[in-house]
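Notes follow the structure.
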Amino acid sequence: MVKAIIFDCDGVLVDTERDAHRVGFNRAFAHFGIDAEWSVERYGELLKVAGGKERMTAYFDEDGWPEDKVAEYGGKQELIAALHKYKTAEVSQIVQELPVRPGVLRIVDEAMANGVRLGVCTTSNARFIDAVLDLFGAERKAAFEFVHAGDVVSKKKPDPEIYELATKSLGLDPKDCVVIEDSRNGLLASTGAGYPTLITTSTYTVDEDFSEAARVVPELGDAPNPQITLADLSALTA
């Protein structure tokens, strides 16, 4: 039996990137009077950069910084921090209207019923993942032992640091656990820390290279046709 399941958040628990994060970034730019709007296509390219603050920094480095706003906020990092804070507040509201991906709540329920431990490792802000887990209901949310989010590590995915932190939190051999991810960056992070990894592809990741994954499916799936069960996840462990 698998001993623990670690979920990524964006694209795994909720398909948030296109209709939540992207919208939140655009709302932040508009609120701050910055002439920038990320299209669906451009945001897909920017997703190669993990982390919201890092993503905005990469964008402005390439397309040019709003120097008046940089001066107003006292520096580039300060502007990025202010934008990200506003964006997080917006997205925490947006996500309340989005559905949990098929099969996620079913797998969480199966895990809870069988004593399988649960955690989250995400580059998203802690406030945002808190809002996502609210969608699960209080009992399911309380079953998650840890949520490692945002800037809790110095290097974000694809660096394995966040999953190495999860190993310390669990005190288990990664080979006895399974990570569920949706992106190549996430896959490289989890496998780099020694975790067998199941990929559930999402809007922006269907064409990515998942050759290191233990298994790839479009979704976990709900009854009457679940694609992945707790037994399937257990089969991926050592």
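If you're wondering about the labels, chains in the structure tokens are A, B, ... by order shown, residues count from 1 in each chain, ligands from 1 in order shown.
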
For Thr203 of chain A: contacts at 9 Å, only C-alpha atoms, fewer than 2 positions along chain excluded, given as number ranges by chain:
A: 11, 15, 17-18, 201, 205-206

I'd like a table as JSON lines: residues in segment 82-166 of chain A with an atom no more than 8 Å from segment 45-68 of chain A, each row giving the shortest atom pair and its distance in Å to one decimal, only C-alpha atoms counted, sorted by chain and rising residue number.
```
{"residue": "A:His84", "atom": "CA", "partner": "A:Lys53", "partner_atom": "CA", "distance": 6.4}
{"residue": "A:Thr123", "atom": "CA", "partner": "A:Gly51", "partner_atom": "CA", "distance": 5.5}
{"residue": "A:Ser124", "atom": "CA", "partner": "A:Gly51", "partner_atom": "CA", "distance": 6.7}
{"residue": "A:Gly150", "atom": "CA", "partner": "A:Gly51", "partner_atom": "CA", "distance": 7.4}
{"residue": "A:Lys156", "atom": "CA", "partner": "A:Ala50", "partner_atom": "CA", "distance": 6.5}
{"residue": "A:Lys157", "atom": "CA", "partner": "A:Ala50", "partner_atom": "CA", "distance": 6.2}
{"residue": "A:Pro158", "atom": "CA", "partner": "A:Ala50", "partner_atom": "CA", "distance": 7.7}
```

Segment 83-201 of chain A near segment 2-6 of chain A within 12 Å: what's each residue's closest atom pair and its distance in Å to one decimal, counting only C-alpha atoms, ordered by chain then ascending residue number, as a tab-separated table?
```
residue	atom	partner	partner_atom	distance
A:Val104	CA	A:Ile5	CA	11.3
A:Ile107	CA	A:Ile5	CA	9.4
A:Val108	CA	A:Ile5	CA	8.8
A:Asp109	CA	A:Ile5	CA	11.9
A:Glu110	CA	A:Ile5	CA	11.1
A:Ala111	CA	A:Ile5	CA	8.0
A:Met112	CA	A:Ala4	CA	10.3
A:Asn114	CA	A:Lys3	CA	9.4
A:Gly115	CA	A:Lys3	CA	7.9
A:Val116	CA	A:Ala4	CA	5.2
A:Arg117	CA	A:Ala4	CA	4.3
A:Leu118	CA	A:Ile5	CA	5.1
A:Gly119	CA	A:Ile6	CA	4.7
A:Val120	CA	A:Ile6	CA	5.3
A:Cys121	CA	A:Ile6	CA	6.8
A:Thr122	CA	A:Ile6	CA	9.9
A:Ala143	CA	A:Ile5	CA	11.5
A:Phe144	CA	A:Ile6	CA	9.3
A:Glu145	CA	A:Ile6	CA	10.1
A:Phe146	CA	A:Ile6	CA	9.4
A:Val147	CA	A:Ile6	CA	9.4
A:His148	CA	A:Ile6	CA	10.2
A:Ile162	CA	A:Ile6	CA	11.1
A:Tyr163	CA	A:Ile6	CA	8.9
A:Glu164	CA	A:Ile6	CA	11.9
A:Leu165	CA	A:Ile6	CA	11.7
A:Ala166	CA	A:Ile6	CA	8.3
A:Thr167	CA	A:Ile6	CA	10.2
A:Ser169	CA	A:Ala4	CA	11.2
A:Leu170	CA	A:Ala4	CA	8.1
A:Gly171	CA	A:Ala4	CA	10.5
A:Leu172	CA	A:Lys3	CA	8.0
A:Asp173	CA	A:Lys3	CA	9.2
A:Pro174	CA	A:Ala4	CA	8.8
A:Lys175	CA	A:Val2	CA	9.1
A:Asp176	CA	A:Val2	CA	5.8
A:Cys177	CA	A:Ala4	CA	4.8
A:Val178	CA	A:Ile5	CA	5.0
A:Val179	CA	A:Ile6	CA	4.7
A:Ile180	CA	A:Ile6	CA	6.3
A:Glu181	CA	A:Ile6	CA	8.7
A:Gly186	CA	A:Ile6	CA	11.6
A:Ser190	CA	A:Ile6	CA	9.5
A:Tyr195	CA	A:Ile6	CA	9.5
A:Pro196	CA	A:Ile5	CA	10.3
A:Thr197	CA	A:Ile6	CA	9.4
A:Leu198	CA	A:Ile5	CA	10.3
```

Save the residues we just selected, N, CA and C atoms, as a tab-separated table (two decimals), in the first residue's frame?
```tsv
chain	number	residue	atom	x	y	z
A	104	VAL	N	-10.03	13.83	-7.88
A	104	VAL	CA	-9.16	14.26	-6.78
A	104	VAL	C	-9.82	13.98	-5.43
A	107	ILE	N	-9.90	10.21	-4.67
A	107	ILE	CA	-8.61	9.68	-4.23
A	107	ILE	C	-8.31	10.12	-2.80
A	108	VAL	N	-8.60	11.38	-2.47
A	108	VAL	CA	-8.39	11.86	-1.11
A	108	VAL	C	-9.23	11.04	-0.13
A	109	ASP	N	-10.47	10.77	-0.49
A	109	ASP	CA	-11.33	9.97	0.38
A	109	ASP	C	-10.80	8.55	0.54
A	110	GLU	N	-10.34	7.95	-0.55
A	110	GLU	CA	-9.76	6.60	-0.48
A	110	GLU	C	-8.53	6.60	0.41
A	111	ALA	N	-7.70	7.63	0.27
A	111	ALA	CA	-6.49	7.72	1.10
A	111	ALA	C	-6.85	7.85	2.58
A	112	MET	N	-7.79	8.72	2.89
A	112	MET	CA	-8.21	8.92	4.28
A	112	MET	C	-8.76	7.62	4.88
A	114	ASN	N	-7.95	4.66	4.21
A	114	ASN	CA	-6.93	3.62	4.31
A	114	ASN	C	-5.67	4.06	5.05
A	115	GLY	N	-5.74	5.21	5.71
A	115	GLY	CA	-4.61	5.67	6.51
A	115	GLY	C	-3.42	6.14	5.71
A	116	VAL	N	-3.64	6.52	4.46
A	116	VAL	CA	-2.56	7.03	3.61
A	116	VAL	C	-2.38	8.52	3.89
A	117	ARG	N	-1.16	8.92	4.13
A	117	ARG	CA	-0.87	10.32	4.50
A	117	ARG	C	-0.93	11.22	3.27
A	118	LEU	N	-1.24	12.50	3.49
A	118	LEU	CA	-1.46	13.44	2.40
A	118	LEU	C	-0.67	14.72	2.61
A	119	GLY	N	-0.17	15.28	1.51
A	119	GLY	CA	0.52	16.56	1.56
A	119	GLY	C	0.44	17.27	0.22
A	120	VAL	N	0.87	18.53	0.20
A	120	VAL	CA	0.90	19.35	-1.02
A	120	VAL	C	2.26	20.00	-1.14
A	121	CYS	N	2.82	19.98	-2.34
A	121	CYS	CA	4.04	20.72	-2.66
A	121	CYS	C	3.77	21.57	-3.89
A	122	THR	N	3.81	22.89	-3.74
A	122	THR	CA	3.43	23.79	-4.82
A	122	THR	C	4.28	25.05	-4.81
A	143	ALA	N	-7.10	16.70	6.69
A	143	ALA	CA	-6.35	15.46	6.53
A	143	ALA	C	-4.96	15.69	5.92
A	144	PHE	N	-4.73	16.85	5.35
A	144	PHE	CA	-3.42	17.15	4.76
A	144	PHE	C	-2.44	17.52	5.87
A	145	GLU	N	-1.38	16.71	6.01
A	145	GLU	CA	-0.42	16.92	7.08
A	145	GLU	C	0.43	18.16	6.88
A	146	PHE	N	0.73	18.47	5.64
A	146	PHE	CA	1.57	19.63	5.37
A	146	PHE	C	1.22	20.22	4.01
A	147	VAL	N	1.45	21.51	3.90
A	147	VAL	CA	1.38	22.22	2.63
A	147	VAL	C	2.66	23.03	2.51
A	148	HIS	N	3.55	22.58	1.64
A	148	HIS	CA	4.77	23.33	1.38
A	148	HIS	C	4.51	24.20	0.15
A	162	ILE	N	11.78	21.30	-2.85
A	162	ILE	CA	10.49	21.26	-2.16
A	162	ILE	C	10.07	19.82	-1.85
A	163	TYR	N	10.42	18.89	-2.72
A	163	TYR	CA	10.09	17.49	-2.45
A	163	TYR	C	11.06	16.86	-1.45
A	164	GLU	N	12.27	17.36	-1.41
A	164	GLU	CA	13.20	16.93	-0.36
A	164	GLU	C	12.69	17.38	1.01
A	165	LEU	N	12.08	18.57	1.04
A	165	LEU	CA	11.46	19.04	2.27
A	165	LEU	C	10.28	18.15	2.67
A	166	ALA	N	9.52	17.70	1.67
A	166	ALA	CA	8.41	16.79	1.95
A	166	ALA	C	8.91	15.48	2.55
A	167	THR	N	10.04	15.00	2.08
A	167	THR	CA	10.63	13.78	2.63
A	167	THR	C	10.94	13.95	4.11
A	169	SER	N	9.42	16.06	6.10
A	169	SER	CA	8.15	16.17	6.80
A	169	SER	C	7.52	14.80	7.05
A	170	LEU	N	7.63	13.91	6.07
A	170	LEU	CA	6.99	12.60	6.16
A	170	LEU	C	7.83	11.59	6.95
A	171	GLY	N	9.14	11.69	6.82
A	171	GLY	CA	10.00	10.70	7.43
A	171	GLY	C	9.86	9.33	6.78
A	172	LEU	N	9.52	9.32	5.50
A	172	LEU	CA	9.32	8.08	4.76
A	172	LEU	C	10.29	8.00	3.58
A	173	ASP	N	10.53	6.79	3.11
A	173	ASP	CA	11.29	6.59	1.89
A	173	ASP	C	10.42	7.06	0.71
A	174	PRO	N	10.94	7.97	-0.12
A	174	PRO	CA	10.14	8.43	-1.26
A	174	PRO	C	9.61	7.31	-2.14
A	175	LYS	N	10.32	6.19	-2.20
A	175	LYS	CA	9.89	5.09	-3.06
A	175	LYS	C	8.60	4.43	-2.57
A	176	ASP	N	8.22	4.71	-1.31
A	176	ASP	CA	6.98	4.17	-0.76
A	176	ASP	C	5.81	5.14	-0.92
A	177	CYS	N	6.06	6.26	-1.57
A	177	CYS	CA	5.06	7.32	-1.73
A	177	CYS	C	4.86	7.61	-3.21
A	178	VAL	N	3.85	8.39	-3.53
A	178	VAL	CA	3.60	8.79	-4.92
A	178	VAL	C	3.32	10.28	-4.96
A	179	VAL	N	3.90	10.95	-5.95
A	179	VAL	CA	3.60	12.35	-6.23
A	179	VAL	C	2.67	12.41	-7.45
A	180	ILE	N	1.71	13.34	-7.39
A	180	ILE	CA	0.84	13.59	-8.55
A	180	ILE	C	1.13	15.00	-9.05
A	181	GLU	N	1.63	15.09	-10.26
A	181	GLU	CA	2.02	16.35	-10.88
A	181	GLU	C	1.34	16.49	-12.24
A	186	GLY	N	7.41	20.11	-12.60
A	186	GLY	CA	7.04	19.37	-11.40
A	186	GLY	C	7.58	17.95	-11.41
A	190	SER	N	10.01	16.23	-8.59
A	190	SER	CA	9.63	15.07	-7.79
A	190	SER	C	10.53	13.86	-8.04
A	195	TYR	N	10.87	10.37	-5.99
A	195	TYR	CA	9.47	9.95	-5.91
A	195	TYR	C	8.96	9.38	-7.22
A	196	PRO	N	8.32	8.21	-7.21
A	196	PRO	CA	7.56	7.79	-8.39
A	196	PRO	C	6.43	8.79	-8.61
A	197	THR	N	6.22	9.17	-9.85
A	197	THR	CA	5.32	10.28	-10.13
A	197	THR	C	4.28	9.93	-11.19
A	198	LEU	N	3.03	10.20	-10.83
A	198	LEU	CA	1.92	10.08	-11.77
A	198	LEU	C	1.64	11.46	-12.35
```

Looking only at the backbone, which of the residues in segment 39-229 of chain A does DSSP tag as strand (DSSP E or B), as a PyMOL selection string?
chain A and resi 117-121+144-148+177-181+197-200+215-217

Only N, CA, C and O atoms, please: the residues just picked out, written as an mmCIF file, in the first residue's frame.
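This is the output file result24.cif:
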```cif
data_model
loop_
_atom_site.group_PDB
_atom_site.id
_atom_site.type_symbol
_atom_site.label_atom_id
_atom_site.label_comp_id
_atom_site.auth_asym_id
_atom_site.auth_seq_id
_atom_site.Cartn_x
_atom_site.Cartn_y
_atom_site.Cartn_z
ATOM 1 N N ARG A 117 -1.160 8.922 4.134
ATOM 2 C CA ARG A 117 -0.874 10.315 4.502
ATOM 3 C C ARG A 117 -0.926 11.217 3.268
ATOM 4 O O ARG A 117 -0.669 10.771 2.139
ATOM 5 N N LEU A 118 -1.243 12.498 3.494
ATOM 6 C CA LEU A 118 -1.463 13.443 2.402
ATOM 7 C C LEU A 118 -0.667 14.719 2.612
ATOM 8 O O LEU A 118 -0.514 15.204 3.744
ATOM 9 N N GLY A 119 -0.172 15.285 1.509
ATOM 10 C CA GLY A 119 0.517 16.564 1.556
ATOM 11 C C GLY A 119 0.436 17.266 0.220
ATOM 12 O O GLY A 119 -0.008 16.689 -0.782
ATOM 13 N N VAL A 120 0.868 18.531 0.200
ATOM 14 C CA VAL A 120 0.896 19.345 -1.017
ATOM 15 C C VAL A 120 2.263 19.998 -1.145
ATOM 16 O O VAL A 120 2.806 20.520 -0.154
ATOM 17 N N CYS A 121 2.816 19.981 -2.340
ATOM 18 C CA CYS A 121 4.043 20.718 -2.661
ATOM 19 C C CYS A 121 3.766 21.572 -3.891
ATOM 20 O O CYS A 121 3.532 21.040 -4.978
ATOM 21 N N PHE A 144 -4.728 16.854 5.347
ATOM 22 C CA PHE A 144 -3.418 17.147 4.761
ATOM 23 C C PHE A 144 -2.437 17.516 5.875
ATOM 24 O O PHE A 144 -2.624 18.504 6.576
ATOM 25 N N GLU A 145 -1.382 16.714 6.007
ATOM 26 C CA GLU A 145 -0.419 16.916 7.085
ATOM 27 C C GLU A 145 0.433 18.157 6.877
ATOM 28 O O GLU A 145 0.857 18.799 7.841
ATOM 29 N N PHE A 146 0.725 18.465 5.636
ATOM 30 C CA PHE A 146 1.566 19.628 5.369
ATOM 31 C C PHE A 146 1.217 20.221 4.010
ATOM 32 O O PHE A 146 0.726 19.527 3.119
ATOM 33 N N VAL A 147 1.449 21.506 3.897
ATOM 34 C CA VAL A 147 1.375 22.221 2.627
ATOM 35 C C VAL A 147 2.661 23.030 2.510
ATOM 36 O O VAL A 147 2.853 24.016 3.225
ATOM 37 N N HIS A 148 3.548 22.583 1.643
ATOM 38 C CA HIS A 148 4.772 23.332 1.379
ATOM 39 C C HIS A 148 4.507 24.201 0.154
ATOM 40 O O HIS A 148 4.268 23.678 -0.944
ATOM 41 N N CYS A 177 6.056 6.261 -1.572
ATOM 42 C CA CYS A 177 5.061 7.322 -1.729
ATOM 43 C C CYS A 177 4.859 7.608 -3.213
ATOM 44 O O CYS A 177 5.621 7.132 -4.052
ATOM 45 N N VAL A 178 3.851 8.390 -3.530
ATOM 46 C CA VAL A 178 3.598 8.794 -4.918
ATOM 47 C C VAL A 178 3.322 10.285 -4.960
ATOM 48 O O VAL A 178 2.606 10.829 -4.102
ATOM 49 N N VAL A 179 3.897 10.947 -5.952
ATOM 50 C CA VAL A 179 3.600 12.353 -6.233
ATOM 51 C C VAL A 179 2.675 12.413 -7.446
ATOM 52 O O VAL A 179 2.838 11.646 -8.403
ATOM 53 N N ILE A 180 1.708 13.336 -7.389
ATOM 54 C CA ILE A 180 0.842 13.589 -8.546
ATOM 55 C C ILE A 180 1.131 14.997 -9.048
ATOM 56 O O ILE A 180 0.937 15.974 -8.317
ATOM 57 N N GLU A 181 1.626 15.085 -10.260
ATOM 58 C CA GLU A 181 2.020 16.352 -10.878
ATOM 59 C C GLU A 181 1.342 16.486 -12.236
ATOM 60 O O GLU A 181 0.726 15.539 -12.731
ATOM 61 N N THR A 197 6.216 9.167 -9.848
ATOM 62 C CA THR A 197 5.316 10.282 -10.134
ATOM 63 C C THR A 197 4.283 9.929 -11.188
ATOM 64 O O THR A 197 4.622 9.437 -12.267
ATOM 65 N N LEU A 198 3.032 10.204 -10.834
ATOM 66 C CA LEU A 198 1.921 10.081 -11.770
ATOM 67 C C LEU A 198 1.635 11.459 -12.346
ATOM 68 O O LEU A 198 1.543 12.437 -11.601
ATOM 69 N N ILE A 199 1.487 11.545 -13.643
ATOM 70 C CA ILE A 199 1.145 12.804 -14.299
ATOM 71 C C ILE A 199 -0.323 12.788 -14.697
ATOM 72 O O ILE A 199 -0.795 11.847 -15.333
ATOM 73 N N THR A 200 -1.046 13.843 -14.296
ATOM 74 C CA THR A 200 -2.381 14.097 -14.848
ATOM 75 C C THR A 200 -2.249 15.362 -15.691
ATOM 76 O O THR A 200 -2.058 16.455 -15.153
ATOM 77 N N ARG A 215 3.578 6.950 -14.758
ATOM 78 C CA ARG A 215 2.353 6.767 -15.538
ATOM 79 C C ARG A 215 1.797 8.136 -15.900
ATOM 80 O O ARG A 215 1.980 9.104 -15.152
ATOM 81 N N VAL A 216 1.127 8.233 -17.035
ATOM 82 C CA VAL A 216 0.533 9.490 -17.494
ATOM 83 C C VAL A 216 -0.927 9.235 -17.858
ATOM 84 O O VAL A 216 -1.230 8.317 -18.630
ATOM 85 N N VAL A 217 -1.829 10.046 -17.302
ATOM 86 C CA VAL A 217 -3.263 9.959 -17.614
ATOM 87 C C VAL A 217 -3.812 11.371 -17.794
ATOM 88 O O VAL A 217 -3.233 12.341 -17.306
#
```

For the helix (DSSP H, G or I) assignment from backbone DSSP, which residues of segment 25-233 of chain A qualify? Please present them as JSON, numbers by chain.
{"A": [25, 26, 27, 28, 29, 30, 31, 40, 41, 42, 43, 44, 45, 46, 52, 53, 54, 55, 56, 57, 58, 59, 60, 61, 62, 63, 67, 68, 69, 70, 71, 72, 73, 76, 77, 78, 79, 80, 81, 82, 83, 84, 85, 86, 87, 88, 89, 90, 91, 92, 93, 94, 95, 96, 97, 104, 105, 106, 107, 108, 109, 110, 111, 112, 113, 126, 127, 128, 129, 130, 131, 132, 133, 134, 138, 139, 140, 141, 142, 150, 151, 152, 161, 162, 163, 164, 165, 166, 167, 168, 169, 170, 174, 175, 176, 184, 185, 186, 187, 188, 189, 190, 191, 192, 230, 231, 232, 233]}

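With atom CA of Ile129 of chain A on one side and atom CA of Gly33 of chain A on the other, the separation reads 27.2 Å.
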
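Among the candidates A:Ser92, A:Leu105, A:Lys87, A:Arg27, the one nearest to Gly221 of chain A when counting only C-alpha atoms is A:Leu105.
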
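Counting only C-alpha atoms and comparing A:Gly103, A:Gly137, A:Gly44, A:Gly74, the residue that lies closest to Ser183 of chain A is A:Gly44.
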
Report, in Å with one decimal, the straight-line distance from atom CA of Leu233 of chain A to atom CA of Ala142 of chain A.
21.7 Å

Any idea what's packed within 9 Å of Glu37 of chain A, counting only C-alpha atoms, ignoring anything in its chain fewer than 6 positions away? Could you give it as a PDB file with N, CA, C and O atoms, in the first residue's frame?
```pdb
ATOM      1  N   PHE A  25      -3.062  37.806 -12.781  1.00  0.00           N
ATOM      2  CA  PHE A  25      -1.932  38.634 -13.207  1.00  0.00           C
ATOM      3  C   PHE A  25      -2.428  39.834 -14.014  1.00  0.00           C
ATOM      4  O   PHE A  25      -1.993  40.978 -13.794  1.00  0.00           O
ATOM      5  N   ASN A  26      -3.334  39.590 -14.955  1.00  0.00           N
ATOM      6  CA  ASN A  26      -3.836  40.676 -15.792  1.00  0.00           C
ATOM      7  C   ASN A  26      -4.600  41.711 -14.980  1.00  0.00           C
ATOM      8  O   ASN A  26      -4.512  42.914 -15.248  1.00  0.00           O
ATOM      9  N   ARG A  27      -5.351  41.264 -13.985  1.00  0.00           N
ATOM     10  CA  ARG A  27      -6.050  42.205 -13.114  1.00  0.00           C
ATOM     11  C   ARG A  27      -5.062  43.048 -12.311  1.00  0.00           C
ATOM     12  O   ARG A  27      -5.275  44.247 -12.089  1.00  0.00           O
ATOM     13  N   PHE A  29      -1.951  43.849 -13.251  1.00  0.00           N
ATOM     14  CA  PHE A  29      -1.347  44.822 -14.164  1.00  0.00           C
ATOM     15  C   PHE A  29      -2.287  46.009 -14.383  1.00  0.00           C
ATOM     16  O   PHE A  29      -1.865  47.172 -14.351  1.00  0.00           O
ATOM     17  N   ALA A  30      -3.556  45.717 -14.602  1.00  0.00           N
ATOM     18  CA  ALA A  30      -4.532  46.783 -14.844  1.00  0.00           C
ATOM     19  C   ALA A  30      -4.688  47.670 -13.609  1.00  0.00           C
ATOM     20  O   ALA A  30      -4.734  48.904 -13.719  1.00  0.00           O
TER      21      ALA A  30
END
```

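For the pair atom CA of Val70 of chain A and atom CA of Thr16 of chain A, the interatomic distance is 28.4 Å.
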
Would you please work out which residue, of A:Ala113, A:Leu13, A:Val100, A:Leu79, is nearest to Phe32 of chain A when using only C-alpha atoms?
A:Leu79
